[in-house]
file target.cif (mmCIF, C-alpha atoms)
data_protein
#
loop_
_atom_site.label_atom_id
_atom_site.label_comp_id
_atom_site.auth_asym_id
_atom_site.auth_seq_id
_atom_site.Cartn_x
_atom_site.Cartn_y
_atom_site.Cartn_z
CA MET A 25 -20.37 18.68 -10.60
CA THR A 26 -23.10 18.31 -8.00
CA PRO A 27 -22.39 18.87 -4.29
CA LEU A 28 -22.96 15.18 -3.62
CA GLU A 29 -20.44 14.24 -6.29
CA ARG A 30 -17.91 16.65 -4.79
CA ARG A 31 -18.45 15.25 -1.31
CA TYR A 32 -18.03 11.68 -2.49
CA GLY A 33 -14.90 12.82 -4.31
CA CYS A 34 -13.60 14.20 -1.01
CA LEU A 35 -14.28 10.92 0.74
CA LEU A 36 -12.50 9.00 -2.00
CA HIS A 37 -9.32 10.80 -0.94
CA ALA A 38 -9.16 8.20 1.82
CA TYR A 39 -7.71 6.00 -0.94
CA PRO A 40 -4.15 6.54 -2.18
CA ALA A 41 -3.62 8.44 -5.45
CA TRP A 42 -2.60 5.43 -7.54
CA TYR A 43 -5.74 3.60 -6.44
CA ARG A 44 -7.94 6.61 -7.19
CA ARG A 45 -6.48 6.89 -10.68
CA GLU A 46 -7.51 3.30 -11.24
CA ARG A 47 -10.82 3.16 -9.43
CA ALA A 48 -12.19 6.56 -8.38
CA GLY A 49 -14.31 7.07 -11.50
CA GLU A 50 -15.84 3.63 -11.25
CA MET A 51 -16.54 3.97 -7.53
CA LEU A 52 -17.99 7.44 -7.93
CA GLY A 53 -20.30 6.08 -10.61
CA THR A 54 -21.47 3.29 -8.32
CA LEU A 55 -21.92 5.69 -5.37
CA LEU A 56 -24.02 8.08 -7.46
CA GLU A 57 -26.11 5.28 -8.94
CA ALA A 58 -26.78 3.97 -5.46
CA SER A 59 -27.89 7.33 -4.07
CA PRO A 60 -31.46 8.54 -4.64
CA SER A 61 -31.87 11.74 -6.64
CA GLY A 62 -31.95 14.89 -4.56
CA LYS A 63 -29.57 13.44 -2.00
CA ARG A 64 -27.01 16.06 -0.97
CA TRP A 65 -24.87 14.38 1.64
CA PRO A 66 -23.20 10.96 1.65
CA SER A 67 -24.71 8.55 4.14
CA PHE A 68 -22.74 7.69 7.26
CA ARG A 69 -22.51 4.06 6.13
CA ASP A 70 -21.00 5.00 2.80
CA ALA A 71 -18.59 7.44 4.40
CA ARG A 72 -17.45 4.87 6.91
CA SER A 73 -16.99 2.14 4.32
CA LEU A 74 -14.95 4.46 2.09
CA VAL A 75 -12.68 5.64 4.90
CA ILE A 76 -12.10 2.09 6.15
CA GLY A 77 -11.58 0.79 2.61
CA GLY A 78 -9.13 3.59 1.90
CA LEU A 79 -7.14 2.95 5.04
CA ARG A 80 -7.01 -0.72 4.14
CA VAL A 81 -5.49 -0.03 0.77
CA ARG A 82 -3.27 2.79 1.96
CA ALA A 83 -1.37 1.08 4.66
CA SER A 84 -2.42 -2.03 6.33
CA LEU A 85 -2.68 -1.74 10.08
CA VAL A 86 -0.33 -4.67 10.40
CA LEU A 87 2.38 -2.86 8.53
CA CYS A 88 1.93 0.29 10.65
CA LEU A 89 2.03 -1.70 13.86
CA SER A 90 5.05 -3.69 12.80
CA ILE A 91 6.92 -0.54 11.80
CA LEU A 92 6.03 0.98 15.17
CA TRP A 93 7.20 -2.22 16.84
CA ALA A 94 10.48 -2.32 14.95
CA GLY A 95 10.97 1.42 15.47
CA LEU A 96 10.39 1.24 19.20
CA GLY A 97 12.73 -1.71 19.42
CA ALA A 98 15.38 0.21 17.53
CA LEU A 99 14.95 3.22 19.82
CA GLY A 100 15.21 0.93 22.83
CA ALA A 101 18.39 -0.59 21.48
CA GLY A 102 19.78 2.90 20.88
CA TYR A 103 18.79 4.00 24.38
CA ASN A 104 20.49 1.02 25.93
CA PHE A 105 23.54 1.76 23.87
CA ILE A 106 23.66 5.33 25.19
CA LEU A 107 23.22 4.05 28.72
CA SER A 108 26.10 1.71 28.17
CA ALA A 109 28.36 4.65 27.48
CA HIS A 110 27.51 6.17 30.86
CA VAL A 111 28.58 4.36 33.99
CA PRO A 112 25.83 5.13 36.47
CA ASP A 113 27.14 7.20 39.29
CA ALA A 114 23.95 8.76 40.53
CA VAL A 115 20.68 7.31 41.71
CA TYR A 116 17.34 7.83 40.06
CA PRO A 117 14.91 5.91 42.18
CA GLU A 118 12.03 6.50 39.79
CA ALA A 119 13.87 5.02 36.84
CA LEU A 120 13.80 1.28 36.26
CA THR A 121 16.84 1.40 34.06
CA PRO A 122 20.10 2.64 35.48
CA GLY A 123 20.42 6.27 34.49
CA TRP A 124 23.37 8.44 33.84
CA VAL A 125 24.32 11.73 35.40
CA GLY A 126 22.06 14.42 34.13
CA GLU A 127 19.58 12.05 32.46
CA PRO A 128 16.32 13.96 32.52
CA ASN A 129 13.51 12.12 34.22
CA MET A 130 11.41 12.72 31.17
CA ILE A 131 13.68 10.51 29.09
CA ALA A 132 13.71 7.79 31.70
CA VAL A 133 9.91 7.84 31.84
CA ALA A 134 9.61 7.91 28.05
CA ALA A 135 11.96 4.94 27.86
CA GLN A 136 9.84 2.99 30.31
CA ARG A 137 6.61 3.75 28.50
CA GLY A 138 8.21 2.98 25.14
CA ALA A 139 9.41 -0.35 26.47
CA LEU A 140 5.95 -1.14 27.79
CA THR A 141 4.29 -0.20 24.47
CA TRP A 142 6.82 -2.24 22.58
CA PHE A 143 6.18 -5.19 24.80
CA LEU A 144 2.38 -4.95 24.51
CA LEU A 145 2.55 -4.55 20.72
CA THR A 146 4.44 -7.79 20.38
CA ILE A 147 1.46 -10.11 20.58
CA PRO A 148 -0.97 -8.38 18.15
CA VAL A 149 1.78 -7.85 15.61
CA LEU A 150 2.87 -11.46 15.86
CA VAL A 151 -0.68 -12.76 15.47
CA ALA A 152 -1.52 -10.38 12.62
CA GLY A 153 1.68 -11.33 10.85
CA LEU A 154 0.79 -15.01 11.12
CA ALA A 155 -2.70 -14.38 9.77
CA ARG A 156 -1.24 -12.43 6.91
CA LEU A 157 1.27 -15.10 6.03
CA ARG A 158 -1.40 -17.74 6.16
CA ARG A 159 -3.67 -15.86 3.79
CA ARG A 160 -0.81 -15.13 1.44
CA TRP A 161 0.42 -18.69 1.31
CA SER A 162 -3.00 -20.24 0.88
CA ARG A 163 -3.62 -17.80 -1.95
CA ALA A 164 -0.34 -18.80 -3.59
CA GLY A 165 -1.75 -22.30 -3.85
CA ALA A 166 0.66 -23.97 -1.47
CA PRO A 167 -1.59 -25.18 1.34
CA GLY A 168 0.47 -26.31 4.28
CA GLY A 169 3.49 -24.35 3.10
CA TRP A 170 2.45 -21.51 5.32
CA ARG A 171 3.00 -23.65 8.38
CA VAL A 172 6.72 -23.82 7.76
CA VAL A 173 6.84 -20.11 7.08
CA SER A 174 4.76 -19.37 10.16
CA ILE A 175 7.03 -21.42 12.36
CA ALA A 176 10.01 -19.55 10.94
CA TRP A 177 8.15 -16.30 11.52
CA ALA A 178 7.29 -17.13 15.12
CA ALA A 179 10.85 -18.29 15.72
CA ALA A 180 12.21 -15.02 14.35
CA TRP A 181 9.91 -13.08 16.67
CA SER A 182 10.83 -15.17 19.66
CA ALA A 183 14.50 -14.70 18.85
CA GLY A 184 13.95 -10.95 18.50
CA ILE A 185 12.18 -10.73 21.83
CA ALA A 186 14.75 -12.87 23.58
CA LEU A 187 17.46 -10.61 22.19
CA MET A 188 15.68 -7.50 23.39
CA PHE A 189 15.30 -8.97 26.84
CA GLN A 190 18.95 -9.78 26.75
CA ILE A 191 20.04 -6.23 26.08
CA ALA A 192 17.40 -4.55 28.18
CA ASP A 193 18.21 -6.86 31.07
CA TRP A 194 14.65 -7.29 32.17
CA GLN A 195 15.26 -10.73 33.51
CA PRO A 196 15.08 -10.75 37.30
CA SER A 197 18.24 -12.81 37.69
CA ALA A 198 20.45 -10.05 36.32
CA PRO A 199 23.20 -8.88 38.63
CA ALA A 200 22.43 -5.90 40.81
CA ILE A 201 23.87 -2.53 39.91
CA TYR A 202 25.03 -0.24 42.61
CA ALA A 203 25.07 3.39 41.78
CA CYS A 204 27.56 5.39 43.74
CA SER A 205 27.52 9.11 44.23
CA ARG A 206 30.78 11.06 44.32
CA ASN A 207 31.12 10.76 48.08
CA GLN A 208 31.08 6.96 47.75
CA ASN A 209 27.56 6.35 49.06
CA CYS A 210 26.38 3.36 47.08
CA VAL A 211 22.72 2.50 46.59
CA LEU A 212 21.04 -0.25 44.62
CA ALA A 213 20.07 1.39 41.35
CA GLY A 214 18.61 -1.50 39.43
CA TYR A 215 19.39 -4.84 37.93
CA GLY A 216 21.37 -5.59 34.87
CA HIS A 217 24.62 -4.70 33.24
CA ALA A 218 25.48 -1.08 33.07
CA ILE A 219 27.81 -1.48 30.16
CA LEU A 220 27.05 -3.44 27.03
CA SER A 221 29.73 -5.87 26.07
CA PRO A 222 30.73 -6.23 22.42
CA GLY A 223 28.65 -9.39 22.38
CA GLU A 224 25.57 -7.47 23.47
CA LEU A 225 26.20 -4.83 20.86
CA ALA A 226 26.16 -7.66 18.33
CA ILE A 227 22.80 -8.69 19.81
CA CYS A 228 21.53 -5.12 19.28
CA ALA A 229 22.63 -5.29 15.67
CA ALA A 230 21.04 -8.71 15.21
CA TRP A 231 17.78 -7.44 16.64
CA LEU A 232 17.76 -4.51 14.26
CA ALA A 233 18.39 -6.87 11.35
CA ILE A 234 15.52 -9.14 12.41
CA GLY A 235 13.17 -6.18 12.89
CA ALA A 236 14.07 -4.83 9.45
CA ALA A 237 13.63 -8.23 7.78
CA MET A 238 10.22 -8.78 9.37
CA THR A 239 9.00 -5.33 8.42
CA LEU A 240 10.16 -6.07 4.89
CA ILE A 241 8.19 -9.33 4.81
CA LEU A 242 5.00 -7.51 5.79
CA ALA A 243 5.72 -4.67 3.38
CA ARG A 244 6.16 -7.16 0.54
CA THR A 245 2.71 -8.60 1.02
CA ALA A 246 1.33 -5.07 0.87
CA ARG A 247 3.19 -4.40 -2.36
CA LEU A 248 1.88 -7.59 -3.95
CA ARG A 249 -1.64 -6.30 -3.68
CA VAL A 250 -0.62 -2.97 -5.15
CA ARG A 251 0.86 -4.64 -8.19
CA TYR A 252 -2.34 -6.47 -8.97
CA VAL A 253 -4.53 -3.39 -8.96
CA ARG A 254 -2.00 -1.37 -10.92
CA ASP A 255 -1.83 -3.89 -13.71
CA GLY A 256 -5.57 -4.28 -13.73
CA THR A 257 -5.05 -7.92 -14.56
CA VAL A 258 -6.45 -10.81 -12.65
CA PRO A 259 -4.64 -14.09 -12.13
CA GLY A 260 -6.48 -17.21 -13.15
CA THR A 261 -8.29 -15.79 -16.15
CA MET B 24 -16.00 -16.81 3.91
CA ARG B 25 -17.83 -13.81 5.31
CA GLU B 26 -21.44 -13.22 4.43
CA PRO B 27 -20.97 -10.18 2.14
CA THR B 28 -18.29 -12.09 0.22
CA TYR B 29 -20.60 -15.07 -0.14
CA PHE B 30 -23.43 -12.93 -1.46
CA VAL B 31 -21.16 -11.03 -3.85
CA LEU B 32 -20.08 -14.33 -5.39
CA ALA B 33 -23.67 -15.61 -5.41
CA SER B 34 -24.86 -12.46 -7.18
CA LEU B 35 -22.53 -13.27 -10.08
CA LEU B 36 -23.91 -16.78 -10.60
CA ASP B 37 -26.33 -15.63 -13.27
CA GLY B 38 -23.71 -13.72 -15.20
CA PRO B 39 -21.31 -10.78 -14.93
CA LEU B 40 -22.51 -7.58 -13.25
CA HIS B 41 -21.12 -4.09 -12.61
CA GLY B 42 -20.68 -2.53 -9.16
CA TYR B 43 -24.13 -1.08 -8.56
CA ALA B 44 -25.85 -4.13 -10.05
CA ILE B 45 -23.94 -6.32 -7.58
CA ILE B 46 -25.22 -4.17 -4.71
CA GLN B 47 -28.80 -4.48 -5.97
CA ARG B 48 -28.54 -8.19 -6.64
CA THR B 49 -27.04 -9.01 -3.22
CA ALA B 50 -29.85 -7.05 -1.56
CA ALA B 51 -32.44 -8.94 -3.62
CA LEU B 52 -30.86 -12.35 -3.02
CA SER B 53 -30.67 -11.81 0.74
CA ALA B 54 -34.16 -10.30 0.94
CA GLY B 55 -32.67 -6.95 1.89
CA ARG B 56 -30.50 -8.29 4.70
CA VAL B 57 -27.13 -7.69 3.03
CA GLN B 58 -26.87 -4.02 2.10
CA LEU B 59 -23.37 -3.59 0.72
CA ALA B 60 -21.80 -0.17 1.15
CA THR B 61 -19.75 0.87 -1.88
CA GLY B 62 -16.45 0.86 -0.01
CA THR B 63 -17.14 -2.63 1.32
CA LEU B 64 -18.06 -3.87 -2.15
CA TYR B 65 -14.82 -2.67 -3.71
CA THR B 66 -12.73 -4.01 -0.85
CA ALA B 67 -14.39 -7.38 -1.43
CA LEU B 68 -13.92 -7.14 -5.21
CA ASP B 69 -10.23 -6.29 -4.78
CA ARG B 70 -9.72 -9.28 -2.55
CA LEU B 71 -11.78 -11.65 -4.69
CA SER B 72 -9.90 -10.51 -7.79
CA ALA B 73 -6.58 -11.05 -6.08
CA GLU B 74 -7.71 -14.54 -5.11
CA GLY B 75 -8.81 -15.23 -8.68
CA HIS B 76 -12.44 -15.79 -7.70
CA VAL B 77 -13.70 -12.84 -9.71
CA ALA B 78 -12.39 -11.38 -12.96
CA LEU B 79 -12.83 -8.20 -14.92
CA VAL B 80 -15.08 -9.00 -17.88
CA ARG B 81 -15.82 -5.70 -19.55
CA GLU B 82 -14.90 -2.06 -19.22
CA GLU B 83 -17.03 0.68 -20.72
CA ILE B 84 -17.49 4.42 -20.24
CA VAL B 85 -20.84 5.53 -18.83
CA ASN B 86 -21.45 9.24 -18.15
CA GLY B 87 -17.75 9.85 -18.63
CA ARG B 88 -16.81 7.34 -15.94
CA ALA B 89 -15.40 3.87 -16.17
CA ARG B 90 -17.88 1.11 -15.51
CA ARG B 91 -16.38 -2.30 -14.98
CA THR B 92 -18.25 -5.53 -15.15
CA TYR B 93 -17.09 -8.45 -13.03
CA GLY B 94 -17.70 -12.12 -13.56
CA LEU B 95 -17.29 -15.30 -11.57
CA THR B 96 -14.26 -17.40 -12.48
CA SER B 97 -14.31 -21.17 -12.26
CA SER B 98 -12.29 -21.03 -9.04
CA GLY B 99 -14.80 -18.51 -7.66
CA ALA B 100 -17.70 -20.78 -8.53
CA GLY B 101 -15.87 -23.69 -6.89
CA ALA B 102 -15.23 -21.70 -3.71
CA LEU B 103 -18.86 -20.61 -3.63
CA ARG B 104 -20.11 -24.17 -4.03
CA ALA B 105 -17.74 -25.43 -1.35
CA GLU B 106 -18.98 -22.75 1.04
CA ALA B 107 -22.60 -23.52 0.21
CA SER B 108 -22.21 -27.23 0.93
CA ARG B 109 -20.31 -26.45 4.13
CA MET B 110 -23.18 -24.24 5.29
CA ALA B 111 -25.77 -26.83 4.23
CA GLU B 112 -23.95 -29.43 6.30
CA ALA B 113 -23.83 -27.09 9.27
CA ALA B 114 -27.55 -26.38 8.83
CA ARG B 115 -28.37 -30.09 8.73
CA LEU B 116 -26.92 -30.49 12.23
CA VAL B 117 -29.81 -28.39 13.46
CA THR B 118 -32.62 -29.02 10.98
CA ASN B 119 -32.26 -32.81 11.13
CA ARG B 120 -32.31 -32.73 14.88
CA GLY B 121 -36.06 -32.28 15.27
CA ARG B 122 -36.76 -35.15 12.92
CA ARG B 123 -34.31 -37.47 14.62
CA ALA B 124 -35.59 -36.57 18.09
CA LYS B 125 -39.15 -37.21 16.93
CA ALA B 126 -38.12 -40.55 15.46
CA ALA B 127 -36.32 -41.49 18.69
CA GLY B 128 -39.38 -40.50 20.73
CA ALA B 129 -41.61 -42.67 18.53
CA ALA B 130 -39.24 -45.60 18.94
CA ARG B 131 -39.27 -45.19 22.72
CA LYS B 132 -43.05 -45.22 22.80
CA ALA B 133 -43.19 -48.27 20.54
CA SER B 134 -40.94 -50.35 22.79
CA PRO B 135 -41.75 -49.86 26.46
CA ALA B 136 -38.84 -51.27 28.44
#
call {"tool": "encode", "arguments": {"input": "target.cif", "output": "structure tokens"}}
result
Amino acid sequence: MTPLERRYGCLLHAYPAWYRRERAGEMLGTLLEASPSGKRWPSFRDARSLVIGGLRVRASLVLCLSILWAGLGALGAGYNFILSAHVPDAVYPEALTPGWVGEPNMIAVAAQRGALTWFLLTIPVLVAGLARLRRRWSRAGAPGGWRVVSIAWAAAWSAGIALMFQIADWQPSAPAIYACSRNQNCVLAGYGHAILSPGELAICAAWLAIGAAMTLILARTARLRVRYVRDGTVPGT
Amino acid sequence: MREPTYFVLASLLDGPLHGYAIIQRTAALSAGRVQLATGTLYTALDRLSAEGHVALVREEIVNGRARRTYGLTSSGAGALRAEASRMAEAARLVTNRGRRAKAAGAARKASPA
């Protein structure tokens, strides 16, 4: 095995094992045919294309983002649930959310940043999901069908976001919370409900269900592609 | 349809080819402009196969490695033709312009108002 062959082999590890079993030999052959004799190192262009191609097969960015989105949302729901179990009786001016006694600042800050990340991720994940659905439906030979699915998809996302806003109480019209220290000095601690009602817990659960369902939808499109390459068969032949 | 995809399909018009031959043919067809990297080629082939535009034609062993030959399916040829006529139409918007402007100029000169 020449050094060049070994180095290309290394780069091919960007692809998942099942894909390499299927394709690595063929790709290595093409790579070696395309490289002039005496070449010892893969070109930057080849290396880049292999790494990007591998990442594409391995886990689509959309899926990663959507899992991150769903995960952050789940963490947020959990955090709000914990907060609900603690009636605020101390003031943390730096925290946007009402804290509980002994809540480390670090957690409050992490919660804020997580919420911000979750919020910012919403748009790219929504758009990428729509693009993905569109491609999938047009490939399935049902032009126009994707519109219905996309509307359902967008509606599910909107519902999810509305639910999260509901439990996180980010809306400005939420009632003010006064945090009182033990000697009865009360200060405005934030806005929202300190304690989740059973109805809001149901909203948390509904959000988790929506997040899981949407992640599943994206994961299914990824699996479809896997099945094709594994079988080695091509539809329409 | 992105340019590499278009050229991959176009390279198969004259018959099935294997990976490296597709790279060579696309470079020749585009006068060296489209230089497919191997990773890009196989990403495109995966997608085109999944869409049914390209199909596996032959599989042989060369130097102990699999060599697969890919061919254009009828749906691939149709998609390629559709893209070609779309581009030709888009090109006409610009290429016909000079002629039409010249014709309009001539008409203006012919009828002084």
call {"tool": "interface_residues", "arguments": {"input": "target.cif", "of": "chain B", "to": "chain A", "cutoff": "8 Å", "atoms": "only C-alpha atoms", "output": "list in words"}}
result
Gly42, Tyr43, Ala60, Thr61, Gly62, Thr63, Tyr65, Thr66, Asp69, Ser72, Ala73, Glu74, Gly75, Ala78, Leu79, Arg88, Ala89, Arg90, Arg91 and Thr96 of chain B
call {"tool": "write_last_selection", "arguments": {"input": "target.cif", "atoms": "C-alpha atoms", "output": "PDB file, in the coordinates of the input"}}
result
ATOM      1  CA  GLY B  42     -20.680  -2.530  -9.160  1.00  0.00           C
ATOM      2  CA  TYR B  43     -24.130  -1.080  -8.560  1.00  0.00           C
ATOM      3  CA  ALA B  60     -21.800  -0.170   1.150  1.00  0.00           C
ATOM      4  CA  THR B  61     -19.750   0.870  -1.880  1.00  0.00           C
ATOM      5  CA  GLY B  62     -16.450   0.860  -0.010  1.00  0.00           C
ATOM      6  CA  THR B  63     -17.140  -2.630   1.320  1.00  0.00           C
ATOM      7  CA  TYR B  65     -14.820  -2.670  -3.710  1.00  0.00           C
ATOM      8  CA  THR B  66     -12.730  -4.010  -0.850  1.00  0.00           C
ATOM      9  CA  ASP B  69     -10.230  -6.290  -4.780  1.00  0.00           C
ATOM     10  CA  SER B  72      -9.900 -10.510  -7.790  1.00  0.00           C
ATOM     11  CA  ALA B  73      -6.580 -11.050  -6.080  1.00  0.00           C
ATOM     12  CA  GLU B  74      -7.710 -14.540  -5.110  1.00  0.00           C
ATOM     13  CA  GLY B  75      -8.810 -15.230  -8.680  1.00  0.00           C
ATOM     14  CA  ALA B  78     -12.390 -11.380 -12.960  1.00  0.00           C
ATOM     15  CA  LEU B  79     -12.830  -8.200 -14.920  1.00  0.00           C
ATOM     16  CA  ARG B  88     -16.810   7.340 -15.940  1.00  0.00           C
ATOM     17  CA  ALA B  89     -15.400   3.870 -16.170  1.00  0.00           C
ATOM     18  CA  ARG B  90     -17.880   1.110 -15.510  1.00  0.00           C
ATOM     19  CA  ARG B  91     -16.380  -2.300 -14.980  1.00  0.00           C
ATOM     20  CA  THR B  96     -14.260 -17.400 -12.480  1.00  0.00           C
TER      21      THR B  96
END
call {"tool": "atom_distance", "arguments": {"input": "target.cif", "atom1": "CA of Arg45 (chain A)", "atom2": "CA of Ser90 (chain A)"}}
result
28.2 Å
call {"tool": "axis_aligned_box", "arguments": {"input": "target.cif", "around": "region 65-84 of chain A", "padding_each_side": "4 Å", "output": "AutoDock Vina command-line options"}}
result
--center_x -13.1 --center_y 6.2 --center_z 4.0 --size_x 31.5 --size_y 24.4 --size_z 14.5
call {"tool": "atom_distance", "arguments": {"input": "target.cif", "atom1": "CA of Ile175 (chain A)", "atom2": "CA of Gly100 (chain A)"}}
result
26.0 Å
call {"tool": "build_atoms", "arguments": {"input": "target.cif", "residues": "region 36-61 of chain A", "atoms": "N, CA and C atoms", "output": "mmCIF file, keeping the file's coordinate frame"}}
result
data_model
loop_
_atom_site.group_PDB
_atom_site.id
_atom_site.type_symbol
_atom_site.label_atom_id
_atom_site.label_comp_id
_atom_site.auth_asym_id
_atom_site.auth_seq_id
_atom_site.Cartn_x
_atom_site.Cartn_y
_atom_site.Cartn_z
ATOM 1 N N LEU A 36 -13.341 9.949 -1.276
ATOM 2 C CA LEU A 36 -12.500 9.000 -2.000
ATOM 3 C C LEU A 36 -11.019 9.290 -1.777
ATOM 4 N N HIS A 37 -10.719 10.500 -1.238
ATOM 5 C CA HIS A 37 -9.320 10.800 -0.940
ATOM 6 C C HIS A 37 -8.773 9.931 0.183
ATOM 7 N N ALA A 38 -9.655 9.169 0.836
ATOM 8 C CA ALA A 38 -9.160 8.200 1.820
ATOM 9 C C ALA A 38 -8.269 7.165 1.122
ATOM 10 N N TYR A 39 -8.517 6.964 -0.183
ATOM 11 C CA TYR A 39 -7.710 6.000 -0.940
ATOM 12 C C TYR A 39 -6.453 6.681 -1.464
ATOM 13 N N PRO A 40 -5.373 5.944 -1.640
ATOM 14 C CA PRO A 40 -4.150 6.540 -2.180
ATOM 15 C C PRO A 40 -4.332 6.946 -3.647
ATOM 16 N N ALA A 41 -3.460 7.853 -4.114
ATOM 17 C CA ALA A 41 -3.620 8.440 -5.450
ATOM 18 C C ALA A 41 -3.604 7.389 -6.546
ATOM 19 N N TRP A 42 -2.691 6.422 -6.462
ATOM 20 C CA TRP A 42 -2.600 5.430 -7.540
ATOM 21 C C TRP A 42 -3.890 4.608 -7.616
ATOM 22 N N TYR A 43 -4.505 4.381 -6.454
ATOM 23 C CA TYR A 43 -5.740 3.600 -6.440
ATOM 24 C C TYR A 43 -6.876 4.437 -7.020
ATOM 25 N N ARG A 44 -6.873 5.732 -6.682
ATOM 26 C CA ARG A 44 -7.940 6.610 -7.190
ATOM 27 C C ARG A 44 -7.865 6.721 -8.708
ATOM 28 N N ARG A 45 -6.625 6.814 -9.229
ATOM 29 C CA ARG A 45 -6.480 6.890 -10.680
ATOM 30 C C ARG A 45 -7.160 5.687 -11.333
ATOM 31 N N GLU A 46 -6.996 4.548 -10.679
ATOM 32 C CA GLU A 46 -7.510 3.300 -11.240
ATOM 33 C C GLU A 46 -9.018 3.154 -11.041
ATOM 34 N N ARG A 47 -9.513 3.561 -9.869
ATOM 35 C CA ARG A 47 -10.820 3.160 -9.430
ATOM 36 C C ARG A 47 -11.813 4.280 -9.146
ATOM 37 N N ALA A 48 -11.299 5.523 -8.921
ATOM 38 C CA ALA A 48 -12.190 6.560 -8.380
ATOM 39 C C ALA A 48 -13.403 6.782 -9.270
ATOM 40 N N GLY A 49 -13.194 6.812 -10.596
ATOM 41 C CA GLY A 49 -14.310 7.070 -11.500
ATOM 42 C C GLY A 49 -15.377 5.998 -11.364
ATOM 43 N N GLU A 50 -14.924 4.767 -11.363
ATOM 44 C CA GLU A 50 -15.840 3.630 -11.250
ATOM 45 C C GLU A 50 -16.606 3.681 -9.937
ATOM 46 N N MET A 51 -15.887 3.949 -8.846
ATOM 47 C CA MET A 51 -16.540 3.970 -7.530
ATOM 48 C C MET A 51 -17.511 5.129 -7.423
ATOM 49 N N LEU A 52 -17.104 6.277 -7.967
ATOM 50 C CA LEU A 52 -17.990 7.440 -7.930
ATOM 51 C C LEU A 52 -19.280 7.124 -8.688
ATOM 52 N N GLY A 53 -19.129 6.467 -9.841
ATOM 53 C CA GLY A 53 -20.300 6.080 -10.610
ATOM 54 C C GLY A 53 -21.241 5.197 -9.792
ATOM 55 N N THR A 54 -20.656 4.197 -9.132
ATOM 56 C CA THR A 54 -21.470 3.290 -8.320
ATOM 57 C C THR A 54 -22.140 4.042 -7.167
ATOM 58 N N LEU A 55 -21.367 4.926 -6.505
ATOM 59 C CA LEU A 55 -21.920 5.690 -5.370
ATOM 60 C C LEU A 55 -23.099 6.538 -5.823
ATOM 61 N N LEU A 56 -22.950 7.191 -6.993
ATOM 62 C CA LEU A 56 -24.020 8.080 -7.460
ATOM 63 C C LEU A 56 -25.235 7.275 -7.896
ATOM 64 N N GLU A 57 -24.991 6.132 -8.542
ATOM 65 C CA GLU A 57 -26.110 5.280 -8.940
ATOM 66 C C GLU A 57 -26.885 4.792 -7.728
ATOM 67 N N ALA A 58 -26.143 4.542 -6.648
ATOM 68 C CA ALA A 58 -26.780 3.970 -5.460
ATOM 69 C C ALA A 58 -27.491 5.021 -4.619
ATOM 70 N N SER A 59 -27.236 6.327 -4.913
ATOM 71 C CA SER A 59 -27.890 7.330 -4.070
ATOM 72 C C SER A 59 -29.126 7.872 -4.773
ATOM 73 N N PRO A 60 -30.219 8.037 -4.049
ATOM 74 C CA PRO A 60 -31.460 8.540 -4.640
ATOM 75 C C PRO A 60 -31.275 9.988 -5.106
ATOM 76 N N SER A 61 -32.020 10.382 -6.122
ATOM 77 C CA SER A 61 -31.870 11.740 -6.640
ATOM 78 C C SER A 61 -32.312 12.735 -5.581
#
